[in-house]
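Engineer: First the structure, which I've put down as structure tokens, then a few questions once you've had a look.
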There are 2 protein chains.
Amino acid sequence: MDLDKLVHQPTRLQIFAYLYRHGETSFPTLKDDLDVTEGNLASHLRKMEDADAVAMQKQFVDRRPQTTYELTDDGRELFENHVETLESLIDNLDDS
Amino acid sequence: MDLDKLVHQPTRLQIFAYLYRHGETSFPTLKDDLDVTEGNLASHLRKMEDADAVAMQKQFVDRRPQTTYELTDDGRELFENHVETLESLIDNLDDS
């Protein structure tokens with residue numbers, strides 16, 4: 001069983017799941033909905049960006065800068081594979 | 001969402017799942033079936049013992065000492081809660 005630590009780390013697993021489900025999301029929304037600190041969130045998003053799992057976009061909304069994040073195709077695939085691994089781990093529990 | 005790091009760490013998640021499914025298991029069997037090094041396995045089992053999630057037993061089989069491990073009731077409960085959390089994370093992906 002191969003559980004990629006990039007995806008498996010608890011806070012990142014939640015970020016992956018959130019972005020997978022909700023698509024492009026602003027930094028403040030992520031921070032509020034996942035209930036993590038700004039520093040913690042920024043650090044995890046940076047790791048995900050470094051791995052090309054997440055793409056960042058900066059734009060202006062009402063003249064204020066807004067940073068949004070979304071999973072890349074690679075990021076979606078990584079997450080889908082991870083969920084499959086977890087599902088098979090859980091399914092195998094019933095085979096005993 | 002609360003993902004307990006004791007259970008969530010990838011190698012330990014596999015040890016939990018293995019012991020949950022197979023019950024009491026000897027150290028060499030765990031090592032072979034999970035394909036981990038002796039030092040790595042011993043270190044994770046010690047953490048699980050320290051948390052009272054796993055109970056160790058030493059006995060003699062054919063005059064050779066054998067060490068076996070099994071989940072405690074607390075360990076089973078921790079793992080079951082963890083699987084429920086992962087299942088709800090996965091189920092929620094479809095609600096978008």
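Convention: chains lettered A, B, ... in structure tokens order; per-chain residue numbering from 1; ligands numbered from 1 as shown.
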List the neighbours of Leu78 of chain B out to 9 Å using only C-alpha atoms; skip same-chain residues closer than 6 positions along the sequence, and give me the result as a ChimeraX atom specification.
Structural biologist: /B:4,7,53
Engineer: Grab the residues selected above and save them as an mmCIF file, in the first residue's frame with C-alpha atoms.
Structural biologist:
```
data_model
loop_
_atom_site.group_PDB
_atom_site.id
_atom_site.type_symbol
_atom_site.label_atom_id
_atom_site.label_comp_id
_atom_site.auth_asym_id
_atom_site.auth_seq_id
_atom_site.Cartn_x
_atom_site.Cartn_y
_atom_site.Cartn_z
ATOM 1 C CA ASP B 4 -5.442 11.295 15.122
ATOM 2 C CA VAL B 7 -3.449 6.177 13.719
ATOM 3 C CA ALA B 53 -3.446 0.918 21.526
#
```
Engineer: Within 12 Å of chain B, which residues of chain A show up when using only C-alpha atoms, listed as a ChimeraX atom specification?
Structural biologist: /A:1-23,33-36,79-80,82-96
Engineer: From a DSSP calculation on the backbone, collect every residue of chain A in strand (DSSP E) and output the set as a PyMOL selection string.
Structural biologist: chain A and resi 25-26+54-61+64-71
Engineer: Assign secondary structure with DSSP using the backbone only, and return the residues of chain B in alpha helix (DSSP H) as a PyMOL selection string.
Structural biologist: chain B and resi 5-8+10-22+27-34+38-50+73-92
Engineer: Do a neighbour search on Asp52 of chain B at 12 Å with only C-alpha atoms, toss out local chain neighbours closer than 3 positions, and write the hits as a PyMOL selection string.
Structural biologist: chain B and resi 6+45-49+55-56+69-78
Engineer: For atom CA of Leu30 of chain B and atom CA of Lys58 of chain B, determine how far apart the two atoms are, in Å to one decimal place.
Structural biologist: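 Value for the atom CA of Leu30 of chain B-atom CA of Lys58 of chain B distance: 15.1 Å.
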Engineer: Do you have the atom CA of Thr25 of chain A-atom CA of Asn40 of chain A distance handy?
Structural biologist: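 Separation between atom CA of Thr25 of chain A and atom CA of Asn40 of chain A: 16.6 Å.
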Engineer: Rounded to one decimal in Å, what is the spacing between atom CA of Glu24 of chain A and atom CA of Thr37 of chain A?
Structural biologist: 19.5 Å
Engineer: When you count only C-alpha atoms, which of these residues is closest to Pro28 of chain A: A:Val61, A:Ser43, A:Thr68, A:Val54?
Structural biologist: A:Thr68
Engineer: Pick out the closest residue to Ser26 of chain A from this set: A:Ala51, A:Gln57, A:Gly39, A:His44. Count only C-alpha atoms.
Structural biologist: A:Gln57
